[in-house]
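Listing of protein.cif; format and content: mmCIF, C-alpha atoms.
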```cif
data_work
#
loop_
_atom_site.label_atom_id
_atom_site.label_comp_id
_atom_site.auth_asym_id
_atom_site.auth_seq_id
_atom_site.Cartn_x
_atom_site.Cartn_y
_atom_site.Cartn_z
CA MET A 1 52.12 -19.21 66.56
CA THR A 2 49.05 -19.19 64.29
CA ARG A 3 45.78 -17.67 65.40
CA ARG A 4 42.69 -19.80 64.96
CA GLY A 5 41.05 -19.05 61.62
CA ALA A 6 43.76 -16.60 60.58
CA THR A 7 45.62 -18.75 58.07
CA ARG A 8 45.57 -22.20 56.65
CA THR A 9 48.18 -24.74 55.75
CA PRO A 10 48.31 -26.62 52.45
CA THR A 11 45.76 -29.42 52.29
CA LYS A 12 45.87 -30.40 48.65
CA HIS A 13 47.22 -33.75 47.62
CA ARG A 14 50.64 -33.78 46.03
CA ASP A 15 49.20 -34.69 42.62
CA GLU A 16 47.34 -31.34 42.57
CA MET A 17 49.12 -28.10 41.76
CA SER A 18 50.27 -26.22 44.82
CA ARG A 19 51.15 -22.57 44.31
CA ALA A 20 53.40 -20.05 46.01
CA PHE A 21 53.51 -16.36 45.15
CA VAL A 22 56.91 -14.71 45.42
CA PHE A 23 57.89 -11.05 45.33
CA PRO A 24 61.20 -9.52 44.17
CA GLY A 25 63.59 -7.33 46.11
CA GLN A 26 65.90 -4.43 45.37
CA GLY A 27 67.73 -4.62 42.07
CA SER A 28 64.62 -5.48 40.05
CA GLN A 29 63.78 -1.83 39.41
CA ALA A 30 63.95 -0.40 35.90
CA VAL A 31 62.75 2.82 34.32
CA GLY A 32 59.39 2.16 32.67
CA MET A 33 58.30 -0.39 35.27
CA GLY A 34 54.53 -0.45 35.68
CA LYS A 35 53.80 1.98 32.83
CA GLU A 36 52.17 -0.60 30.54
CA LEU A 37 50.23 -1.99 33.47
CA ALA A 38 48.95 1.46 34.43
CA ASN A 39 47.95 2.23 30.84
CA ALA A 40 45.98 -1.01 30.61
CA PHE A 41 44.35 -1.41 34.03
CA ALA A 42 42.53 0.95 36.39
CA ARG A 43 43.40 -1.25 39.37
CA ALA A 44 47.11 -0.75 38.69
CA ARG A 45 46.64 3.00 38.45
CA ALA A 46 44.80 2.94 41.77
CA VAL A 47 47.71 1.19 43.51
CA PHE A 48 50.27 3.60 42.10
CA SER A 49 48.14 6.55 43.21
CA GLU A 50 47.76 5.06 46.69
CA VAL A 51 51.52 4.62 47.07
CA ASP A 52 52.16 8.14 45.75
CA ALA A 53 49.77 9.56 48.34
CA ALA A 54 51.16 7.44 51.18
CA ILE A 55 54.74 8.65 50.76
CA GLY A 56 53.94 12.15 49.52
CA GLN A 57 55.82 11.78 46.25
CA LYS A 58 54.91 11.21 42.62
CA LEU A 59 56.80 7.94 42.70
CA SER A 60 54.81 6.53 39.77
CA THR A 61 56.19 9.25 37.48
CA LEU A 62 59.71 8.34 38.57
CA MET A 63 58.95 4.67 37.88
CA PHE A 64 57.53 5.36 34.44
CA GLU A 65 59.96 8.05 33.26
CA GLY A 66 63.08 8.00 35.44
CA PRO A 67 65.76 9.22 35.72
CA HIS A 68 67.44 5.91 36.43
CA ASP A 69 69.85 7.26 39.05
CA GLU A 70 66.99 8.65 41.11
CA LEU A 71 64.91 5.48 40.80
CA THR A 72 67.78 3.32 42.03
CA LEU A 73 68.19 5.29 45.25
CA THR A 74 67.30 2.88 48.03
CA ALA A 75 64.59 5.15 49.45
CA ASN A 76 62.85 5.19 46.04
CA ALA A 77 63.62 1.70 44.76
CA GLN A 78 62.09 -0.11 47.74
CA PRO A 79 58.58 1.45 47.62
CA ALA A 80 58.70 1.42 43.79
CA ILE A 81 59.32 -2.32 43.59
CA PHE A 82 56.62 -2.84 46.21
CA ALA A 83 54.13 -0.69 44.25
CA MET A 84 54.79 -2.69 41.10
CA SER A 85 54.22 -6.01 42.87
CA LEU A 86 50.98 -4.93 44.52
CA ALA A 87 49.68 -3.44 41.28
CA VAL A 88 50.18 -6.86 39.69
CA VAL A 89 48.33 -8.60 42.53
CA ARG A 90 45.37 -6.22 42.35
CA VAL A 91 45.15 -6.57 38.57
CA LEU A 92 45.28 -10.36 38.83
CA GLU A 93 42.42 -10.20 41.33
CA ALA A 94 40.32 -7.94 39.12
CA GLU A 95 41.13 -9.36 35.69
CA ALA A 96 42.12 -12.98 36.19
CA GLY A 97 40.08 -14.07 39.19
CA LEU A 98 42.95 -14.44 41.64
CA ASN A 99 41.77 -15.14 45.17
CA PHE A 100 44.95 -14.90 47.21
CA ALA A 101 43.50 -16.73 50.22
CA SER A 102 42.41 -19.78 48.23
CA ASP A 103 44.75 -19.80 45.23
CA ALA A 104 48.05 -19.46 47.09
CA HIS A 105 49.45 -21.85 49.66
CA PHE A 106 52.43 -19.72 50.66
CA ALA A 107 53.85 -16.30 49.88
CA ALA A 108 57.41 -15.10 50.28
CA GLY A 109 59.46 -12.11 49.26
CA HIS A 110 63.16 -11.42 48.88
CA SER A 111 64.18 -8.77 51.45
CA LEU A 112 61.80 -5.82 50.83
CA GLY A 113 59.66 -8.30 48.90
CA GLU A 114 58.55 -9.71 52.23
CA TYR A 115 56.54 -6.50 52.72
CA SER A 116 54.92 -7.13 49.32
CA ALA A 117 54.02 -10.66 50.37
CA LEU A 118 52.51 -9.39 53.62
CA ALA A 119 50.47 -6.71 51.86
CA ALA A 120 49.25 -9.17 49.23
CA ALA A 121 48.09 -11.44 52.06
CA GLY A 122 46.27 -8.62 53.85
CA SER A 123 48.65 -8.44 56.80
CA VAL A 124 49.53 -4.78 56.19
CA SER A 125 47.79 -2.19 54.05
CA ILE A 126 49.35 -0.91 50.85
CA ALA A 127 49.73 2.58 52.32
CA GLU A 128 51.27 1.28 55.56
CA ALA A 129 53.75 -0.94 53.73
CA ALA A 130 54.76 1.89 51.38
CA ARG A 131 55.43 4.22 54.31
CA LEU A 132 57.41 1.53 56.13
CA LEU A 133 59.53 0.87 53.05
CA ARG A 134 60.27 4.56 52.59
CA ILE A 135 61.50 4.66 56.21
CA ARG A 136 63.41 1.42 55.69
CA GLY A 137 65.12 2.64 52.52
CA GLU A 138 66.12 5.97 54.04
CA ALA A 139 67.37 4.33 57.25
CA MET A 140 69.41 1.72 55.37
CA GLN A 141 71.05 4.41 53.27
CA ARG A 142 71.91 6.51 56.34
CA ALA A 143 73.25 3.61 58.39
CA VAL A 144 76.67 3.49 56.71
CA PRO A 145 78.44 6.38 54.94
CA ILE A 146 78.87 5.81 51.21
CA GLY A 147 82.16 4.07 50.50
CA GLU A 148 82.54 2.50 53.94
CA GLY A 149 80.49 -0.60 53.16
CA ALA A 150 80.33 -3.06 50.27
CA MET A 151 78.69 -6.23 49.02
CA ALA A 152 79.97 -9.00 46.76
CA ALA A 153 78.45 -12.02 45.09
CA LEU A 154 80.38 -15.27 45.35
CA LEU A 155 79.32 -17.52 42.50
CA GLY A 156 79.93 -21.24 42.59
CA VAL A 157 80.02 -21.61 46.40
CA ASP A 158 77.62 -22.89 49.02
CA TYR A 159 76.54 -21.07 52.15
CA ASN A 160 79.10 -22.66 54.48
CA SER A 161 82.01 -21.92 52.16
CA ALA A 162 80.94 -18.31 51.73
CA ALA A 163 80.49 -17.89 55.49
CA ALA A 164 83.97 -19.28 56.09
CA ILE A 165 85.47 -16.85 53.57
CA ALA A 166 83.65 -13.93 55.17
CA ASN A 167 84.77 -14.96 58.66
CA GLN A 168 88.38 -15.29 57.54
CA ALA A 169 88.27 -11.83 55.95
CA SER A 170 86.84 -10.31 59.14
CA SER A 171 89.58 -11.94 61.23
CA GLU A 172 92.35 -10.76 58.95
CA ILE A 173 91.12 -7.16 58.86
CA GLY A 174 91.02 -7.06 62.63
CA GLU A 175 88.82 -6.74 65.69
CA GLY A 176 85.44 -5.21 64.99
CA ALA A 177 85.57 -5.84 61.24
CA VAL A 178 82.22 -6.90 59.78
CA CYS A 179 81.80 -9.29 56.87
CA SER A 180 79.05 -11.90 56.73
CA VAL A 181 76.60 -13.66 54.45
CA ALA A 182 73.77 -11.34 53.38
CA ASN A 183 71.83 -13.46 50.87
CA ASP A 184 71.82 -17.21 50.40
CA ASN A 185 70.24 -17.10 46.97
CA GLY A 186 70.78 -20.73 46.04
CA GLY A 187 72.24 -22.31 42.94
CA GLY A 188 75.75 -21.51 44.09
CA GLN A 189 75.08 -17.79 44.51
CA VAL A 190 75.83 -16.34 47.94
CA VAL A 191 76.15 -12.61 48.63
CA ILE A 192 78.38 -11.25 51.40
CA SER A 193 78.17 -7.82 53.01
CA GLY A 194 80.15 -5.68 55.42
CA MET A 195 82.94 -3.16 55.75
CA ALA A 196 84.50 -2.32 52.39
CA ALA A 197 87.98 -3.43 53.43
CA ALA A 198 86.70 -6.76 54.71
CA VAL A 199 84.59 -7.44 51.61
CA HIS A 200 87.52 -6.64 49.32
CA ARG A 201 89.68 -8.99 51.37
CA ALA A 202 87.00 -11.68 51.08
CA ILE A 203 87.10 -11.33 47.30
CA GLU A 204 90.88 -11.89 47.37
CA ILE A 205 90.48 -14.95 49.61
CA ALA A 206 87.74 -16.32 47.35
CA LYS A 207 89.94 -15.96 44.28
CA ALA A 208 92.83 -17.66 46.05
CA GLN A 209 90.54 -20.55 46.95
CA GLY A 210 89.45 -20.96 43.35
CA VAL A 211 85.96 -19.53 43.66
CA ARG A 212 84.67 -19.32 40.14
CA ARG A 213 83.51 -15.72 40.14
CA PRO A 214 83.61 -13.30 43.09
CA VAL A 215 81.96 -10.03 41.96
CA LEU A 216 81.79 -6.69 43.75
CA LEU A 217 78.20 -5.44 43.54
CA PRO A 218 77.24 -1.88 42.54
CA VAL A 219 75.27 -1.08 45.71
CA SER A 220 75.22 2.03 47.86
CA ALA A 221 75.14 0.30 51.25
CA PRO A 222 76.05 -3.04 52.87
CA PHE A 223 72.59 -4.55 53.37
CA HIS A 224 71.70 -7.45 55.67
CA CYS A 225 74.70 -7.30 57.98
CA ALA A 226 75.46 -5.96 61.46
CA LEU A 227 76.34 -2.52 60.03
CA MET A 228 72.62 -2.06 59.39
CA GLN A 229 71.79 -2.00 63.11
CA PRO A 230 70.89 1.72 63.05
CA ALA A 231 68.35 0.93 60.33
CA ALA A 232 67.01 -1.98 62.37
CA ASP A 233 66.53 0.40 65.30
CA ALA A 234 64.61 2.81 63.06
CA MET A 235 62.41 -0.02 61.83
CA ALA A 236 61.75 -1.21 65.36
CA GLU A 237 60.30 2.20 66.13
CA ALA A 238 58.32 2.40 62.89
CA LEU A 239 56.97 -1.13 63.13
CA ALA A 240 55.93 -0.65 66.75
CA ALA A 241 53.33 1.84 65.53
CA ALA A 242 52.27 -0.18 62.47
CA THR A 243 49.03 -2.11 62.18
CA ILE A 244 49.81 -5.73 61.36
CA LYS A 245 47.10 -8.38 61.01
CA PRO A 246 47.31 -12.16 60.56
CA PRO A 247 47.97 -12.86 56.86
CA CYS A 248 45.38 -14.90 54.97
CA ILE A 249 48.07 -17.46 54.08
CA PRO A 250 51.42 -18.34 55.70
CA ILE A 251 54.29 -16.00 54.84
CA VAL A 252 57.69 -17.69 54.66
CA SER A 253 60.03 -15.45 56.65
CA ASN A 254 63.44 -14.41 55.32
CA VAL A 255 64.89 -14.80 58.81
CA LEU A 256 63.47 -18.24 59.65
CA ALA A 257 62.94 -19.79 56.20
CA LYS A 258 59.68 -21.03 57.73
CA PRO A 259 56.13 -19.66 57.72
CA VAL A 260 54.91 -17.07 60.19
CA SER A 261 51.38 -15.83 60.82
CA ASP A 262 51.32 -14.21 64.25
CA PRO A 263 51.39 -10.39 63.92
CA GLU A 264 53.81 -9.85 66.81
CA GLU A 265 56.19 -12.46 65.44
CA ILE A 266 55.97 -10.83 61.99
CA ARG A 267 56.78 -7.45 63.56
CA ARG A 268 59.79 -8.88 65.42
CA LEU A 269 61.15 -10.67 62.36
CA LEU A 270 60.84 -7.61 60.10
CA VAL A 271 63.18 -5.81 62.49
CA LEU A 272 65.64 -8.71 62.56
CA GLN A 273 65.45 -8.99 58.78
CA VAL A 274 67.37 -5.72 58.36
CA THR A 275 70.60 -7.19 59.77
CA ALA A 276 69.98 -10.93 59.20
CA PRO A 277 70.75 -12.83 56.00
CA VAL A 278 68.00 -13.51 53.47
CA ARG A 279 67.59 -17.30 53.53
CA TRP A 280 66.06 -17.57 50.07
CA ARG A 281 67.43 -21.00 49.18
CA GLU A 282 66.04 -22.53 52.35
CA SER A 283 62.73 -20.69 51.91
CA VAL A 284 62.21 -22.18 48.45
CA GLU A 285 63.33 -25.61 49.66
CA TYR A 286 60.84 -25.39 52.51
CA MET A 287 57.95 -24.56 50.17
CA VAL A 288 58.91 -27.33 47.75
CA GLY A 289 59.09 -29.71 50.71
CA GLN A 290 55.52 -28.73 51.57
CA GLY A 291 54.34 -29.70 48.10
CA VAL A 292 54.65 -26.42 46.21
CA ASP A 293 55.35 -27.10 42.56
CA THR A 294 54.47 -23.76 40.96
CA PHE A 295 55.95 -20.34 41.78
CA PHE A 296 54.35 -17.14 40.50
CA GLU A 297 56.68 -14.14 40.59
CA CYS A 298 54.64 -10.94 40.86
CA GLY A 299 56.29 -7.68 39.90
CA ALA A 300 59.31 -6.30 38.12
CA GLY A 301 61.82 -8.59 36.45
CA LYS A 302 62.37 -12.33 36.63
CA VAL A 303 65.20 -12.62 39.16
CA LEU A 304 63.38 -14.91 41.58
CA SER A 305 62.19 -17.21 38.82
CA GLY A 306 65.80 -17.76 37.80
CA LEU A 307 66.90 -18.40 41.37
CA THR A 308 63.99 -20.76 41.98
CA LYS A 309 64.82 -22.88 38.94
CA ARG A 310 68.38 -23.26 40.19
CA ILE A 311 67.17 -24.31 43.63
CA ALA A 312 64.33 -26.58 42.48
CA SER A 313 64.85 -27.56 38.86
CA THR A 314 61.53 -29.39 38.59
CA ALA A 315 59.47 -26.45 39.84
CA ARG A 316 57.28 -24.53 37.43
CA THR A 317 57.97 -20.78 37.42
CA LEU A 318 55.66 -18.17 35.93
CA ASN A 319 55.86 -14.39 35.84
CA ALA A 320 53.24 -11.68 36.10
CA GLY A 321 54.39 -8.15 35.42
CA THR A 322 53.05 -7.07 32.03
CA PRO A 323 49.57 -6.93 30.48
CA ALA A 324 50.45 -9.91 28.29
CA GLU A 325 51.48 -11.97 31.31
CA ILE A 326 48.29 -10.97 33.12
CA GLY A 327 46.34 -12.28 30.15
CA LEU A 328 48.14 -15.60 30.35
CA TYR A 329 47.61 -16.03 34.09
CA ARG A 330 44.21 -17.73 33.99
CA SER A 331 45.25 -20.44 31.56
CA ALA A 332 48.67 -20.82 33.19
CA ALA A 333 47.16 -21.19 36.64
#
```
Is it possible to express this structure as structure tokens?
Amino acid sequence: MTRRGATRTPTKHRDEMSRAFVFPGQGSQAVGMGKELANAFARARAVFSEVDAAIGQKLSTLMFEGPHDELTLTANAQPAIFAMSLAVVRVLEAEAGLNFASDAHFAAGHSLGEYSALAAAGSVSIAEAARLLRIRGEAMQRAVPIGEGAMAALLGVDYNSAAAIANQASSEIGEGAVCSVANDNGGGQVVISGMAAAVHRAIEIAKAQGVRRPVLLPVSAPFHCALMQPAADAMAEALAAATIKPPCIPIVSNVLAKPVSDPEEIRRLLVLQVTAPVRWRESVEYMVGQGVDTFFECGAGKVLSGLTKRIASTARTLNAGTPAEIGLYRSAA
């Protein structure tokens, strides 16, 4: 449900450029992220300081200097990736004339990136989102003891084939075993998640079925599966107390692969998102179907740009994450 005056839907003709802004998820972190941006722009420094204050940690120093092992901890990586994305947005607004409400038609983020999209669209404050992501990261890490869960990428399969492999693995391991699709990333890349024994069995099944490349992922927890229910419960409590406003543009939900604008629906879906698969392929397909032809990835890395090109080969993808890319934004846009 969309509140009157809260958001708008795309109205441009198809021969005009229609833009979506997308925000990366966990795995995009790297030591040094944001340092150039902070050195060049006061608005970036302000965002990093705000996030540091919100979570009571000098996270920006960890982002700029490492160590890598500490940065990759889920509780640090999630707010760090968020801080980087929002620093980019604020710099684009100050230096390149970005008006998120009028220049973007949709926003979407991959997993934690959905919080970045919401903050960029004014639905949650930077400080609130940073605090929520710290809680989310800690709760996800606590939900399953290290070594008991796993994730694997199945390359060269579609969603239905990956789901069938995961279901077969669960059945063979036995009653109560968990293995399911966690990310439908598109372009023949589907990630499964669950109990370690079930995921390892799924890899064996995939190889036997001729799947081109099943790869165990170096993650510390099995994200986006039923094993994350304790983390979903923690987020339900945290989100119940959070201030969420209607975003200035529609946010394409990971859970629905469709836009949402109502604050209570956003709150509900952010809880479900913890255990539900990230429907990235369908999200991109939805936006393309609505006329989006240009995707701006804001933040660390270029993972989503690569995925988007595999899903929609004719789409234009652009990145903003360095001072040089900020400088190119105006002409590129």
Determine, counting only C-alpha atoms, which protein, DNA and RNA residues have an atom within 9 Å of an atom of A:Ala129; residues of the same chain fewer than 3 positions away are not included. Present the result as a PDB file with C-alpha atoms, in the coordinates of the input.
```
ATOM      1  CA  VAL A  51      51.520   4.620  47.070  1.00  0.00           C
ATOM      2  CA  PRO A  79      58.580   1.450  47.620  1.00  0.00           C
ATOM      3  CA  PHE A  82      56.620  -2.840  46.210  1.00  0.00           C
ATOM      4  CA  TYR A 115      56.540  -6.500  52.720  1.00  0.00           C
ATOM      5  CA  SER A 116      54.920  -7.130  49.320  1.00  0.00           C
ATOM      6  CA  LEU A 118      52.510  -9.390  53.620  1.00  0.00           C
ATOM      7  CA  ALA A 119      50.470  -6.710  51.860  1.00  0.00           C
ATOM      8  CA  VAL A 124      49.530  -4.780  56.190  1.00  0.00           C
ATOM      9  CA  SER A 125      47.790  -2.190  54.050  1.00  0.00           C
ATOM     10  CA  ILE A 126      49.350  -0.910  50.850  1.00  0.00           C
ATOM     11  CA  LEU A 132      57.410   1.530  56.130  1.00  0.00           C
ATOM     12  CA  LEU A 133      59.530   0.870  53.050  1.00  0.00           C
ATOM     13  CA  ARG A 134      60.270   4.560  52.590  1.00  0.00           C
ATOM     14  CA  ALA A 242      52.270  -0.180  62.470  1.00  0.00           C
TER      15      ALA A 242
END
```
Once the PyMOL selection byres ((chain A and resi 254) around 6) has been evaluated on this model, what residues remain selected, and can you format them as a short mmCIF file (atom, residue, chain, number, x, y, z; two decimals) with C-alpha atoms, in the coordinates of the input?
```cif
data_model
loop_
_atom_site.label_atom_id
_atom_site.label_comp_id
_atom_site.auth_asym_id
_atom_site.auth_seq_id
_atom_site.Cartn_x
_atom_site.Cartn_y
_atom_site.Cartn_z
CA SER A 253 60.03 -15.45 56.65
CA VAL A 255 64.89 -14.80 58.81
CA LEU A 256 63.47 -18.24 59.65
CA ALA A 257 62.94 -19.79 56.20
CA VAL A 278 68.00 -13.51 53.47
CA ARG A 279 67.59 -17.30 53.53
#
```
If the PyMOL selection byres ((chain A and resi 121) around 9) were run on this exact file, what residues would it hold? Put them as a VMD selection string.
chain A and resid 100 to 101 107 116 to 120 122 to 124 246 to 251
Please determine the residues with any atom at most 12 Å from (44.3, -12.1, 28.4) (coordinates as given in the file, with only C-alpha atoms counting) and report them as a VMD selection string.
chain A and resid 40 91 to 92 95 to 97 320 322 to 332
Taking the file as shown, find all residues satisfying the PyMOL selection byres ((chain A and resi 214-218) around 9) and write them as a PyMOL selection string.
chain A and resi 150-156+199-200+202-204+206-207+211-213+219-220
Please tabulate, as a tab-separated table, the residues of stretch 84-154 of chain A that come within 6 Å of stretch 230-240 of chain A, each with its closest pair of atoms and the distance in Å to one decimal, counting all atoms listed in the file and ordering rows by chain, then residue number upward.
```
residue	atom	partner	partner_atom	distance
A:Ala139	CA	A:Ala231	CA	4.7
A:Met140	CA	A:Ala231	CA	5.1
A:Ala143	CA	A:Pro230	CA	5.6
```
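Interatomic distance, atom CA of A:His105 to atom CA of A:Leu270: 21.0 Å.
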How many Å separate atom CA of A:Glu65 from atom CA of A:Phe223?
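About the pair atom CA of A:Glu65 and atom CA of A:Phe223: they are 26.9 Å apart.
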When you draw a straight line from atom CA of A:Gly32 to atom CA of A:Leu112, how long is it in Å?
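Going from atom CA of A:Gly32 over to atom CA of A:Leu112, I get 20.0 Å.
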Given the choices A:Ala182, A:Ile205, A:Thr317, A:Gly176, which gets closest to A:Ala164 if the distance is worked out from only C-alpha atoms?
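Going through A:Ala182, A:Ile205, A:Thr317, A:Gly176 one by one, the smallest distance to A:Ala164 is for A:Ile205.
Distance check against A:Ser313 using all atoms listed in the file: of A:Glu114, A:Glu285, A:Glu297, A:Glu265, the minimum falls on A:Glu285.
Compared by their closest atoms to A:Ala20, and using all atoms listed in the file, the residues A:Thr275, A:Lys258, A:Ala104, A:Lys309 rank with A:Ala104 nearest.
Checking A:Ala42, A:Cys298, A:Ala127, A:Val31 one by one against A:Ala54, counting only C-alpha atoms, you find the shortest gap at A:Ala127.
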Considering only C-alpha atoms, state which residue in the set A:Asp262, A:Glu282, A:Asp158, A:Asp52 is at the smallest distance from A:Gln189.
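When distances to A:Gln189 are compared using only C-alpha atoms, the smallest one comes from A:Asp158.
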For A:Cys225, which of A:Ala166, A:Ala276, A:Leu59, A:Val288 is the closest residue, counting only C-alpha atoms?
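Closest to A:Cys225, using only C-alpha atoms: A:Ala276.
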For the point (72.4, -20.6, 45.9) in file coordinates, what residues are within 8 Å, counting only C-alpha atoms? Give the answer as a list of chain:residue names?
A:Val157, A:Asp158, A:Tyr159, A:Asp184, A:Asn185, A:Gly186, A:Gly187, A:Gly188, A:Gln189, A:Val190, A:Arg281, A:Leu307, A:Arg310, A:Ile311
Export, as an mmCIF file, keeping the file's coordinate frame, the selected residues with C-alpha atoms.
```
data_model
loop_
_atom_site.group_PDB
_atom_site.id
_atom_site.type_symbol
_atom_site.label_atom_id
_atom_site.label_comp_id
_atom_site.auth_asym_id
_atom_site.auth_seq_id
_atom_site.Cartn_x
_atom_site.Cartn_y
_atom_site.Cartn_z
ATOM 1 C CA VAL A 157 80.020 -21.610 46.400
ATOM 2 C CA ASP A 158 77.620 -22.890 49.020
ATOM 3 C CA TYR A 159 76.540 -21.070 52.150
ATOM 4 C CA ASP A 184 71.820 -17.210 50.400
ATOM 5 C CA ASN A 185 70.240 -17.100 46.970
ATOM 6 C CA GLY A 186 70.780 -20.730 46.040
ATOM 7 C CA GLY A 187 72.240 -22.310 42.940
ATOM 8 C CA GLY A 188 75.750 -21.510 44.090
ATOM 9 C CA GLN A 189 75.080 -17.790 44.510
ATOM 10 C CA VAL A 190 75.830 -16.340 47.940
ATOM 11 C CA ARG A 281 67.430 -21.000 49.180
ATOM 12 C CA LEU A 307 66.900 -18.400 41.370
ATOM 13 C CA ARG A 310 68.380 -23.260 40.190
ATOM 14 C CA ILE A 311 67.170 -24.310 43.630
#
```
Could you give me, as a PyMOL selection string, the residues within 7 Å of A:Ser170, counting only C-alpha atoms and dropping anything in the same chain fewer than 6 positions from it?
chain A and resi 177-179+198
